[in-house]
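J.: For reference, this is run39.tsv, and it has TSV, C-alpha atoms (C1' of nucleotides).
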chain	number	residue	atom	x	y	z
A	1	MET	CA	96.66	89.96	109.22
A	2	THR	CA	93.11	89.28	110.26
A	3	THR	CA	90.86	92.24	110.85
A	4	LYS	CA	88.89	92.01	114.03
A	5	PRO	CA	85.81	94.03	115.00
A	6	PRO	CA	86.31	97.25	116.94
A	7	ALA	CA	86.12	97.35	120.69
A	8	GLU	CA	82.54	96.93	121.75
A	9	GLN	CA	82.83	98.27	125.27
A	10	ALA	CA	84.31	101.34	126.82
A	11	LYS	CA	85.84	100.11	130.05
A	12	LYS	CA	87.49	96.82	129.31
A	13	ARG	CA	90.77	95.10	129.43
A	14	SER	CA	92.27	96.13	126.15
A	15	ASP	CA	93.94	93.33	124.29
A	16	LEU	CA	96.38	95.85	122.95
A	17	GLY	CA	97.43	98.21	125.63
A	18	PHE	CA	97.92	95.18	127.86
A	19	GLN	CA	96.37	97.30	130.57
A	20	ASP	CA	92.96	98.37	131.78
A	21	HIS	CA	91.78	101.77	130.70
A	22	ASP	CA	88.73	103.76	129.74
A	23	HIS	CA	88.89	103.64	126.00
A	24	THR	CA	86.26	106.17	124.95
A	25	TYR	CA	87.88	108.64	127.29
A	26	CYS	CA	91.33	108.12	125.86
A	27	VAL	CA	90.01	108.55	122.31
A	28	GLN	CA	88.30	111.80	123.13
A	29	THR	CA	91.18	113.30	125.03
A	30	ALA	CA	93.70	112.29	122.39
A	31	ILE	CA	91.66	113.97	119.67
A	32	ALA	CA	91.26	117.05	121.82
A	33	THR	CA	94.97	117.11	122.56
A	34	ALA	CA	95.81	116.84	118.89
A	35	GLU	CA	93.36	119.58	118.05
A	36	ALA	CA	94.80	121.90	120.65
A	37	TYR	CA	98.35	121.15	119.58
A	38	CYS	CA	97.52	121.90	115.94
A	39	ALA	CA	95.77	125.13	116.85
A	40	GLU	CA	98.79	126.24	118.82
A	41	HIS	CA	101.32	125.30	116.16
A	42	ALA	CA	99.41	126.54	113.12
A	43	LEU	CA	98.88	123.03	111.79
A	44	ARG	CA	95.75	122.08	109.93
A	45	PHE	CA	93.87	119.29	111.63
A	46	THR	CA	91.78	118.58	108.55
A	47	PRO	CA	88.85	116.15	108.34
A	48	VAL	CA	90.92	113.39	106.72
A	49	ARG	CA	93.67	113.69	109.31
A	50	ARG	CA	91.21	113.79	112.16
A	51	LYS	CA	89.37	110.78	110.80
A	52	VAL	CA	92.53	108.71	110.42
A	53	LEU	CA	93.60	109.57	113.95
A	54	GLU	CA	90.14	108.58	115.15
A	55	PHE	CA	90.42	105.23	113.41
A	56	LEU	CA	93.80	104.56	114.98
A	57	LEU	CA	92.59	105.54	118.42
A	58	ARG	CA	89.35	103.62	118.16
A	59	GLU	CA	90.84	100.39	116.87
A	60	HIS	CA	93.68	100.81	119.30
A	61	LYS	CA	95.96	98.52	117.42
A	62	ALA	CA	98.36	98.59	114.52
A	63	LEU	CA	96.50	99.29	111.30
A	64	GLY	CA	97.93	98.92	107.82
A	65	ALA	CA	97.59	101.86	105.46
A	66	TYR	CA	95.17	99.91	103.31
A	67	ALA	CA	92.94	99.02	106.24
A	68	ILE	CA	92.75	102.71	107.01
A	69	LEU	CA	92.06	103.39	103.36
A	70	ASP	CA	89.06	101.07	103.48
A	71	MET	CA	87.70	102.95	106.47
A	72	LEU	CA	88.22	106.26	104.74
A	73	ARG	CA	86.32	105.00	101.74
A	74	GLU	CA	83.41	103.95	103.91
A	75	ALA	CA	83.50	107.34	105.57
A	76	GLY	CA	83.17	109.02	102.19
A	77	PHE	CA	86.73	110.23	101.71
A	78	GLY	CA	89.06	109.61	98.81
A	79	SER	CA	90.03	106.00	98.56
A	80	GLN	CA	93.37	105.99	96.80
A	81	PRO	CA	96.56	105.12	98.69
A	82	PRO	CA	98.04	108.62	98.80
A	83	VAL	CA	95.06	109.87	100.78
A	84	ALA	CA	95.87	107.51	103.62
A	85	TYR	CA	99.63	107.83	103.34
A	86	ARG	CA	99.55	111.61	103.42
A	87	ALA	CA	97.37	111.68	106.50
A	88	LEU	CA	99.64	109.13	108.16
A	89	GLU	CA	102.68	111.15	107.22
A	90	PHE	CA	101.20	114.20	108.89
A	91	LEU	CA	100.21	112.29	112.02
A	92	THR	CA	103.59	110.59	112.41
A	93	ALA	CA	105.54	113.74	111.60
A	94	HIS	CA	103.86	115.56	114.47
A	95	GLY	CA	103.90	112.73	116.94
A	96	PHE	CA	100.20	111.85	116.91
A	97	ALA	CA	100.93	108.41	115.56
A	98	HIS	CA	103.85	106.08	115.01
A	99	LYS	CA	104.81	103.61	112.37
A	100	ILE	CA	105.57	100.09	113.54
A	101	GLU	CA	108.34	99.15	111.14
A	102	ARG	CA	108.12	95.52	112.01
A	103	LEU	CA	104.49	95.36	110.89
A	104	ASN	CA	104.40	98.06	108.25
A	105	ALA	CA	101.50	99.44	110.20
A	106	PHE	CA	100.54	102.44	112.27
A	107	VAL	CA	99.31	103.13	115.80
A	108	ALA	CA	98.07	106.21	117.56
A	109	CYS	CA	100.54	107.68	120.01
A	110	ASN	CA	99.81	107.05	123.66
A	111	HIS	CA	101.65	110.10	124.89
A	112	PRO	CA	100.93	112.89	122.44
A	113	GLY	CA	102.68	116.12	123.09
A	114	GLU	CA	105.25	114.59	125.39
A	115	ASN	CA	108.77	114.61	124.13
A	116	HIS	CA	109.54	110.95	123.81
A	117	SER	CA	111.40	108.25	121.98
A	118	PRO	CA	108.81	105.53	121.76
A	119	ALA	CA	109.32	101.81	122.18
A	120	PHE	CA	106.79	99.14	121.34
A	121	MET	CA	105.87	95.69	122.52
A	122	ILE	CA	104.33	93.66	119.72
A	123	CYS	CA	102.52	90.42	120.42
A	124	ARG	CA	103.34	87.92	117.69
A	125	LEU	CA	100.13	86.01	118.36
A	126	CYS	CA	97.46	88.71	118.37
A	127	ASP	CA	99.41	91.56	116.74
A	128	GLY	CA	98.56	93.76	119.69
A	129	VAL	CA	100.85	96.72	120.23
A	130	SER	CA	101.64	98.58	123.43
A	131	GLU	CA	103.63	101.77	123.51
A	132	SER	CA	106.26	102.45	126.09
A	133	HIS	CA	109.40	104.53	126.43
A	134	ALA	CA	113.02	103.69	125.78
A	135	PHE	CA	116.25	105.56	125.79
A	136	PRO	CA	118.55	103.41	123.72
A	137	ALA	CA	120.91	106.33	123.27
A	138	LYS	CA	121.66	106.12	126.97
A	139	GLY	CA	122.75	102.50	126.88
A	140	ALA	CA	125.18	100.39	124.94
A	141	LEU	CA	124.00	101.75	121.61
A	142	GLY	CA	124.62	105.32	122.70
A	143	GLU	CA	128.14	104.43	123.76
A	144	ALA	CA	128.81	102.76	120.44
A	145	ALA	CA	127.46	105.77	118.59
A	146	ARG	CA	129.66	108.18	120.51
A	147	ALA	CA	132.65	105.91	120.00
A	148	VAL	CA	132.42	106.01	116.22
A	149	GLY	CA	130.97	109.52	115.91
A	150	PHE	CA	127.48	108.62	114.80
A	151	GLN	CA	124.82	111.25	115.51
A	152	ILE	CA	121.56	109.62	116.52
A	153	GLU	CA	118.49	111.55	115.44
A	154	LYS	CA	115.74	109.03	115.89
A	155	THR	CA	115.44	105.51	117.21
A	156	VAL	CA	113.21	102.58	116.39
A	157	VAL	CA	112.73	100.19	119.30
A	158	GLU	CA	110.32	97.32	118.89
A	159	ALA	CA	110.15	94.23	121.08
A	160	GLU	CA	108.41	91.16	119.73
A	161	GLY	CA	107.01	88.54	122.07
A	162	ILE	CA	103.91	87.34	123.82
A	163	CYS	CA	101.45	89.68	125.47
A	164	PRO	CA	99.99	88.76	128.87
A	165	ASP	CA	96.58	87.87	127.46
A	166	CYS	CA	97.96	85.48	124.88
A	167	ALA	CA	100.30	83.94	127.44
A	168	GLU	CA	97.32	83.34	129.71
A	169	GLN	CA	95.31	81.72	126.93
A	170	ALA	CA	98.20	79.44	126.05
A	171	THR	CA	98.26	77.97	129.56
A	172	GLN	CA	94.55	77.19	129.58
B	1	MET	CA	118.15	103.34	96.73
B	2	THR	CA	121.06	103.76	94.38
B	3	THR	CA	123.32	100.81	93.78
B	4	LYS	CA	126.98	101.62	94.10
B	5	PRO	CA	129.93	99.57	92.89
B	6	PRO	CA	131.47	97.08	95.30
B	7	ALA	CA	134.42	97.97	97.44
B	8	GLU	CA	137.46	98.32	95.24
B	9	GLN	CA	140.10	97.98	97.92
B	10	ALA	CA	140.69	95.65	100.79
B	11	LYS	CA	142.00	97.84	103.56
B	12	LYS	CA	140.05	101.04	103.50
B	13	ARG	CA	137.83	103.15	105.62
B	14	SER	CA	134.53	101.50	105.01
B	15	ASP	CA	131.71	103.92	104.45
B	16	LEU	CA	129.44	101.48	106.16
B	17	GLY	CA	131.06	100.01	109.17
B	18	PHE	CA	132.10	103.55	110.11
B	19	GLN	CA	135.41	101.98	111.09
B	20	ASP	CA	138.63	100.79	109.51
B	21	HIS	CA	138.89	97.12	108.84
B	22	ASP	CA	140.35	94.58	106.44
B	23	HIS	CA	137.38	93.79	104.29
B	24	THR	CA	138.53	90.76	102.28
B	25	TYR	CA	139.57	89.17	105.54
B	26	CYS	CA	136.22	89.75	107.19
B	27	VAL	CA	134.40	88.29	104.18
B	28	GLN	CA	136.49	85.14	104.18
B	29	THR	CA	136.27	84.53	107.88
B	30	ALA	CA	132.55	85.16	107.97
B	31	ILE	CA	131.93	82.62	105.22
B	32	ALA	CA	134.19	80.12	106.97
B	33	THR	CA	132.40	80.71	110.25
B	34	ALA	CA	129.01	80.16	108.65
B	35	GLU	CA	130.23	77.02	106.95
B	36	ALA	CA	131.58	75.60	110.17
B	37	TYR	CA	128.43	76.48	112.06
B	38	CYS	CA	126.24	74.79	109.46
B	39	ALA	CA	128.39	71.68	109.45
B	40	GLU	CA	128.13	71.47	113.20
B	41	HIS	CA	124.39	72.03	113.34
B	42	ALA	CA	123.39	69.87	110.37
B	43	LEU	CA	122.32	72.86	108.31
B	44	ARG	CA	122.76	72.91	104.57
B	45	PHE	CA	124.94	75.78	103.48
B	46	THR	CA	123.81	75.47	99.87
B	47	PRO	CA	125.22	77.42	96.89
B	48	VAL	CA	122.37	79.95	96.85
B	49	ARG	CA	122.66	80.62	100.55
B	50	ARG	CA	126.40	80.92	100.38
B	51	LYS	CA	126.17	83.25	97.42
B	52	VAL	CA	123.67	85.53	99.10
B	53	LEU	CA	125.80	85.71	102.23
B	54	GLU	CA	128.80	86.50	100.03
B	55	PHE	CA	126.90	89.35	98.39
B	56	LEU	CA	125.90	90.79	101.72
B	57	LEU	CA	129.42	90.54	103.09
B	58	ARG	CA	131.05	91.92	99.98
B	59	GLU	CA	128.75	94.90	99.55
B	60	HIS	CA	128.88	95.45	103.28
B	61	LYS	CA	125.75	97.48	103.34
B	62	ALA	CA	122.01	97.01	103.47
B	63	LEU	CA	120.79	95.32	100.30
B	64	GLY	CA	117.18	95.00	99.25
B	65	ALA	CA	115.90	91.57	98.32
B	66	TYR	CA	115.57	92.62	94.71
B	67	ALA	CA	119.12	93.92	94.51
B	68	ILE	CA	120.23	90.51	95.76
B	69	LEU	CA	117.94	88.88	93.24
B	70	ASP	CA	119.64	90.77	90.42
B	71	MET	CA	123.00	89.53	91.62
B	72	LEU	CA	121.71	85.99	91.82
B	73	ARG	CA	120.44	86.23	88.27
B	74	GLU	CA	123.84	87.39	87.06
B	75	ALA	CA	125.45	84.55	88.94
B	76	GLY	CA	123.23	82.06	87.13
B	77	PHE	CA	120.76	81.25	89.89
B	78	GLY	CA	116.99	81.44	89.81
B	79	SER	CA	115.74	84.97	89.50
B	80	GLN	CA	112.29	84.93	91.02
B	81	PRO	CA	111.69	86.67	94.36
B	82	PRO	CA	111.24	83.51	96.43
B	83	VAL	CA	114.79	82.42	95.63
B	84	ALA	CA	116.21	85.49	97.34
B	85	TYR	CA	113.67	85.56	100.14
B	86	ARG	CA	114.21	81.93	101.05
B	87	ALA	CA	117.94	82.33	101.22
B	88	LEU	CA	117.52	85.46	103.32
B	89	GLU	CA	115.12	83.67	105.60
B	90	PHE	CA	117.67	80.97	106.21
B	91	LEU	CA	120.48	83.45	106.82
B	92	THR	CA	118.46	85.59	109.21
B	93	ALA	CA	116.97	82.60	111.02
B	94	HIS	CA	120.44	81.33	111.86
B	95	GLY	CA	121.97	84.68	112.66
B	96	PHE	CA	124.20	85.05	109.61
B	97	ALA	CA	122.31	88.14	108.49
B	98	HIS	CA	119.80	90.61	109.84
B	99	LYS	CA	116.89	92.45	108.38
B	100	ILE	CA	116.86	96.22	108.77
B	101	GLU	CA	113.17	96.85	109.22
B	102	ARG	CA	113.52	100.53	108.66
B	103	LEU	CA	114.97	99.99	105.18
B	104	ASN	CA	113.31	96.74	104.18
B	105	ALA	CA	116.81	95.54	103.50
B	106	PHE	CA	119.35	93.04	104.76
B	107	VAL	CA	122.90	93.10	106.08
B	108	ALA	CA	125.39	90.39	106.93
B	109	CYS	CA	125.90	89.88	110.64
B	110	ASN	CA	129.07	91.32	112.10
B	111	HIS	CA	129.21	88.93	115.00
B	112	PRO	CA	128.13	85.53	113.70
B	113	GLY	CA	127.92	82.81	116.24
B	114	GLU	CA	127.86	85.17	119.18
B	115	ASN	CA	124.64	85.27	121.10
B	116	HIS	CA	123.50	88.80	120.61
B	117	SER	CA	120.61	91.19	120.26
B	118	PRO	CA	121.76	93.44	117.47
B	119	ALA	CA	121.31	97.17	117.17
B	120	PHE	CA	121.96	99.22	114.08
B	121	MET	CA	123.04	102.71	113.21
B	122	ILE	CA	121.62	103.79	109.86
B	123	CYS	CA	122.91	106.86	108.07
B	124	ARG	CA	120.02	108.66	106.46
B	125	LEU	CA	122.33	110.27	103.91
B	126	CYS	CA	124.35	107.35	102.57
B	127	ASP	CA	122.21	104.46	103.81
B	128	GLY	CA	125.27	102.99	105.46
B	129	VAL	CA	124.59	100.55	108.27
B	130	SER	CA	126.75	99.67	111.25
B	131	GLU	CA	125.93	96.85	113.60
B	132	SER	CA	126.31	97.16	117.33
B	133	HIS	CA	124.84	95.64	120.46
B	134	ALA	CA	121.96	96.72	122.60
B	135	PHE	CA	120.16	95.33	125.57
B	136	PRO	CA	116.83	97.11	125.52
B	137	ALA	CA	115.35	94.49	127.80
B	138	LYS	CA	117.66	95.75	130.54
B	139	GLY	CA	116.46	99.32	130.37
B	140	ALA	CA	113.18	101.16	130.53
B	141	LEU	CA	111.56	98.85	128.01
B	142	GLY	CA	112.44	95.78	130.03
B	143	GLU	CA	110.91	97.32	133.11
B	144	ALA	CA	107.74	98.17	131.24
B	145	ALA	CA	107.55	94.64	129.86
B	146	ARG	CA	107.91	93.07	133.30
B	147	ALA	CA	105.37	95.48	134.73
B	148	VAL	CA	102.64	94.39	132.33
B	149	GLY	CA	103.75	90.78	131.90
B	150	PHE	CA	104.98	90.94	128.34
B	151	GLN	CA	107.52	88.28	127.40
B	152	ILE	CA	110.17	89.71	125.10
B	153	GLU	CA	111.51	87.22	122.57
B	154	LYS	CA	113.29	89.42	120.12
B	155	THR	CA	114.05	93.11	119.80
B	156	VAL	CA	114.49	95.48	116.89
B	157	VAL	CA	116.74	98.42	117.66
B	158	GLU	CA	117.61	100.79	114.86
B	159	ALA	CA	119.03	104.28	115.24
B	160	GLU	CA	118.73	106.69	112.36
B	161	GLY	CA	121.10	109.61	112.00
B	162	ILE	CA	124.27	110.84	110.38
B	163	CYS	CA	127.38	108.70	110.08
B	164	PRO	CA	130.79	110.25	110.75
B	165	ASP	CA	131.75	110.33	107.06
B	166	CYS	CA	128.62	112.17	105.99
B	167	ALA	CA	128.91	114.56	108.93
B	168	GLU	CA	132.46	115.36	107.84
B	169	GLN	CA	131.42	116.00	104.26
B	170	ALA	CA	128.64	118.29	105.39
B	171	THR	CA	131.09	120.61	107.15
B	172	GLN	CA	133.37	120.95	104.15
C	1	DC	C1'	116.53	51.22	94.64
C	2	DA	C1'	112.41	53.42	96.72
C	3	DC	C1'	111.13	56.69	99.83
C	4	DC	C1'	110.87	61.03	102.07
C	5	DC	C1'	112.20	65.40	103.26
C	6	DT	C1'	114.34	69.56	102.05
C	7	DA	C1'	115.64	72.87	98.73
C	8	DT	C1'	115.14	75.14	94.32
C	9	DG	C1'	112.78	77.03	90.06
C	10	DT	C1'	108.92	79.38	88.21
C	11	DG	C1'	104.56	81.87	87.36
C	12	DA	C1'	101.16	84.47	89.41
C	13	DT	C1'	99.40	87.38	92.87
C	14	DT	C1'	99.11	90.16	97.01
C	15	DT	C1'	100.61	93.84	99.88
C	16	DT	C1'	102.88	98.17	100.65
C	17	DA	C1'	104.33	102.58	98.95
C	18	DT	C1'	105.29	106.46	95.74
C	19	DA	C1'	105.13	109.49	91.42
C	20	DA	C1'	102.75	112.70	88.75
C	21	DC	C1'	99.18	115.81	87.78
C	22	DA	C1'	94.65	118.22	88.17
C	23	DC	C1'	91.65	120.56	91.18
C	24	DT	C1'	90.15	122.85	95.40
C	25	DT	C1'	90.54	125.47	99.41
C	26	DA	C1'	92.68	128.06	102.95
C	27	DA	C1'	96.03	131.63	104.13
C	28	DC	C1'	98.39	135.87	102.98
C	29	DC	C1'	99.11	140.45	101.37
C	30	DG	C1'	98.10	144.48	99.38
D	1	DC	C1'	87.69	142.72	99.91
D	2	DG	C1'	90.33	140.67	95.43
D	3	DG	C1'	94.09	138.40	93.76
D	4	DT	C1'	97.95	135.54	94.51
D	5	DT	C1'	100.23	131.64	96.60
D	6	DA	C1'	100.85	127.58	99.14
D	7	DA	C1'	98.91	123.57	101.13
D	8	DG	C1'	95.71	119.93	100.93
D	9	DT	C1'	92.93	116.58	98.45
D	10	DG	C1'	91.41	113.39	94.63
D	11	DT	C1'	92.74	110.35	91.05
D	12	DT	C1'	95.42	107.53	87.69
D	13	DA	C1'	99.22	104.95	87.24
D	14	DT	C1'	103.24	102.58	88.66
D	15	DA	C1'	106.95	100.97	91.57
D	16	DA	C1'	108.72	98.20	95.29
D	17	DA	C1'	108.39	94.48	98.63
D	18	DA	C1'	106.69	90.05	99.84
D	19	DT	C1'	104.06	85.76	99.50
D	20	DC	C1'	101.35	81.76	97.44
D	21	DA	C1'	101.06	77.68	94.92
D	22	DC	C1'	102.87	74.10	92.49
D	23	DA	C1'	106.29	71.54	89.88
D	24	DT	C1'	110.98	69.69	89.89
D	25	DA	C1'	115.40	68.23	91.63
D	26	DG	C1'	118.67	66.47	95.00
D	27	DG	C1'	120.39	64.14	99.10
D	28	DG	C1'	120.04	61.07	102.85
D	29	DT	C1'	118.09	56.77	104.91
D	30	DG	C1'	115.95	52.24	105.18
Before we go any further, please render this structure as structure tokens.

T.:
Amino acid sequence: MTTKPPAEQAKKRSDLGFQDHDHTYCVQTAIATAEAYCAEHALRFTPVRRKVLEFLLREHKALGAYAILDMLREAGFGSQPPVAYRALEFLTAHGFAHKIERLNAFVACNHPGENHSPAFMICRLCDGVSESHAFPAKGALGEAARAVGFQIEKTVVEAEGICPDCAEQATQ
Amino acid sequence: MTTKPPAEQAKKRSDLGFQDHDHTYCVQTAIATAEAYCAEHALRFTPVRRKVLEFLLREHKALGAYAILDMLREAGFGSQPPVAYRALEFLTAHGFAHKIERLNAFVACNHPGENHSPAFMICRLCDGVSESHAFPAKGALGEAARAVGFQIEKTVVEAEGICPDCAEQATQ
DNA sequence: CACCCTATGTGATTTTATAACACTTAACCG
DNA sequence: CGGTTAAGTGTTATAAAATCACATAGGGTG
């Protein structure tokens, strides 16, 4: 996976969200939201955790644990794998980030606080990831689960394909 | 992941399919189906590939690549990781097996030949896996994809929870 | 038979993730 | 406050998962 430089502009067409948005704004509000949520739920939004969430928000794409670890090192934090994995565990456990199983990588959550079962669109060309919603338990899978008596607790939904930007480039 | 002994009986309540079925029969027919499919499509159903599919069918649960590798070694095949990974790549590419991203493990396909987008129910207590169908592209995710212009090529749908057998044990 | 393409065998390495333990700091309780 | 406890962090080491690179073998075709 090639590492590309961070977004250089605020208001741009993100190559990851597949949609226009004000990126600096969404970083700030997401951090603020996380901070407020932690304050309310007696969770400790420590410097390492905050920093990792910042990285995920800023890069706005799926980051491997070791990429995050490199950034932590540069930021003066501990640089051994558990440091990154523990922060990521905290962030995913409380819904501030998600793991993309398909990529063994992590992204910041687009809808923090909301009660959601996330779904992801992963571009196989640029590795961009866009978060969406899905309710697989309401469809065929849910029926099958009820039929055999399986209790669904969590779902992983990841669609792989081509994002609009890469599709556009391919036609040029 | 603990390795448990293979199924000792043919007709039993599988702890993995979450349903009754004749296991020796399903192994034989699945191998025959794969063989026929390969013959028809000019694919080479080589000894290693056949053996790996046999392992997956016989164990009837998610197996890690290294568990498969151990079995290959015992069966007299090469015992380096690429041997297992290449066979698994072939099997998954042609729909004879699937990778469970959540577990970094592989299962034999329950519906070989059929054109399907698989979905899985994974028991977090016994690691049992049951294959089902899902059509995420027809639900909320499909709508989101169309809205932004994302072309879905493949989907990963995995539900984690408690299988009926483990739920039953828990109440006792 | 000579050729080529595919598959296999093997050693080495990379990438991803966890275990174990020491140390520090924040929270709690009197 | 002061002392205790639990949670968080830092670090070493190791496990688990996956790939790279290259040599060898086998099977089909001209």

J.: To one decimal in Å, tell me the separation between atom CA of Leu63 of chain A and atom C1' of DT14 of chain C.

T.: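 Straight-line distance from atom CA of Leu63 of chain A to atom C1' of DT14 of chain C works out to 17.2 Å.
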
J.: For chain B against chain D, which residues fall within 12 Å using all atoms listed in the file, given as a list in words?

T.: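 On the chain B side, the interface is Met1, Arg44, Thr46, Gly64, Ala65, Tyr66, Ala67, Gln80, Pro81, Pro82, Val83, Ala84, Tyr85, Arg86, Glu101, Leu103, Asn104 and Ala105 of chain B.
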
J.: May I have the residues within 12 Å of Cys38 of chain B as a compact mmCIF listing (two decimals) with C-alpha atoms, keeping the file's coordinate frame, using all atoms listed in the file and disregarding those fewer than 5 positions away in the same chain?

T.:
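Saved result, part.txt, follows:
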# COMPACT_ATOMS: atom_id res chain seq x y z
CA ILE B 31 131.93 82.62 105.22
CA ALA B 32 134.19 80.12 106.97
CA THR B 33 132.40 80.71 110.25
CA LEU B 43 122.32 72.86 108.31
CA ARG B 44 122.76 72.91 104.57
CA PHE B 45 124.94 75.78 103.48
CA THR B 46 123.81 75.47 99.87
CA ARG B 49 122.66 80.62 100.55
CA ARG B 50 126.40 80.92 100.38
CA PHE B 90 117.67 80.97 106.21
CA LEU B 91 120.48 83.45 106.82
CA HIS B 94 120.44 81.33 111.86
CA GLY B 95 121.97 84.68 112.66
CA PHE B 96 124.20 85.05 109.61
CA PRO B 112 128.13 85.53 113.70
CA GLY B 113 127.92 82.81 116.24

J.: For chain C, which residues have at least one atom within 10 Å of chain A, if we go by all atoms listed in the file? Write them as a list in words, please.

T.: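 Every residue of chain C that passes the 10 Å test is in DT15, DT16, DA17, DT18 and DA26 of chain C.
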
J.: Would you list which chain A residues are within 6 Å of chain B using all atoms listed in the file, as a compact mmCIF listing (two decimals) with C-alpha atoms, in the coordinates of the input?

T.:
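Generated output (part.txt):
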# COMPACT_ATOMS: atom_id res chain seq x y z
CA GLU A 101 108.34 99.15 111.14
CA ARG A 102 108.12 95.52 112.01
CA ALA A 134 113.02 103.69 125.78
CA ALA A 140 125.18 100.39 124.94
CA LEU A 141 124.00 101.75 121.61
CA GLY A 149 130.97 109.52 115.91
CA PHE A 150 127.48 108.62 114.80
CA GLN A 151 124.82 111.25 115.51
CA ILE A 152 121.56 109.62 116.52
CA GLU A 153 118.49 111.55 115.44
CA LYS A 154 115.74 109.03 115.89
CA THR A 155 115.44 105.51 117.21
CA VAL A 156 113.21 102.58 116.39
CA VAL A 157 112.73 100.19 119.30
CA GLU A 158 110.32 97.32 118.89
CA ALA A 159 110.15 94.23 121.08
CA GLU A 160 108.41 91.16 119.73
CA GLY A 161 107.01 88.54 122.07
CA ILE A 162 103.91 87.34 123.82
CA CYS A 163 101.45 89.68 125.47
CA PRO A 164 99.99 88.76 128.87

J.: Could you work out how far atom CA of Ser117 of chain A lies from atom CA of Ala97 of chain B, giving the answer in Å with one decimal?

T.: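 Going from atom CA of Ala97 of chain B over to atom CA of Ser117 of chain A covers 26.6 Å.
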
J.: Could you get me a file of segment 152-163 of chain B with N, CA and C atoms, as a tab-separated table (two decimals), in the first residue's frame, taken from the block above?

T.:
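New file result04.tsv:
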chain	number	residue	atom	x	y	z
B	152	ILE	N	-19.92	-1.33	-7.40
B	152	ILE	CA	-19.65	-2.48	-6.53
B	152	ILE	C	-19.30	-3.70	-7.38
B	153	GLU	N	-18.17	-4.34	-7.04
B	153	GLU	CA	-17.76	-5.54	-7.76
B	153	GLU	C	-17.90	-6.79	-6.90
B	154	LYS	N	-17.68	-6.59	-5.65
B	154	LYS	CA	-17.71	-7.73	-4.73
B	154	LYS	C	-18.08	-7.23	-3.35
B	155	THR	N	-18.76	-8.05	-2.56
B	155	THR	CA	-19.11	-7.60	-1.22
B	155	THR	C	-18.68	-8.62	-0.18
B	156	VAL	N	-18.31	-8.10	0.97
B	156	VAL	CA	-17.99	-8.92	2.13
B	156	VAL	C	-19.08	-8.67	3.16
B	157	VAL	N	-19.80	-9.73	3.51
B	157	VAL	CA	-20.83	-9.59	4.53
B	157	VAL	C	-20.60	-10.67	5.58
B	158	GLU	N	-20.31	-10.25	6.78
B	158	GLU	CA	-20.03	-11.20	7.85
B	158	GLU	C	-20.72	-10.74	9.12
B	159	ALA	N	-21.59	-11.59	9.65
B	159	ALA	CA	-22.28	-11.27	10.89
B	159	ALA	C	-21.63	-12.03	12.03
B	160	GLU	N	-21.33	-11.32	13.10
B	160	GLU	CA	-20.74	-11.96	14.27
B	160	GLU	C	-21.81	-12.06	15.35
B	161	GLY	N	-21.82	-13.18	16.05
B	161	GLY	CA	-22.82	-13.33	17.11
B	161	GLY	C	-22.71	-14.69	17.78
B	162	ILE	N	-23.86	-15.20	18.20
B	162	ILE	CA	-23.89	-16.46	18.93
B	162	ILE	C	-24.70	-17.47	18.14
B	163	CYS	N	-24.10	-18.63	17.88
B	163	CYS	CA	-24.81	-19.66	17.14
B	163	CYS	C	-25.79	-20.37	18.07
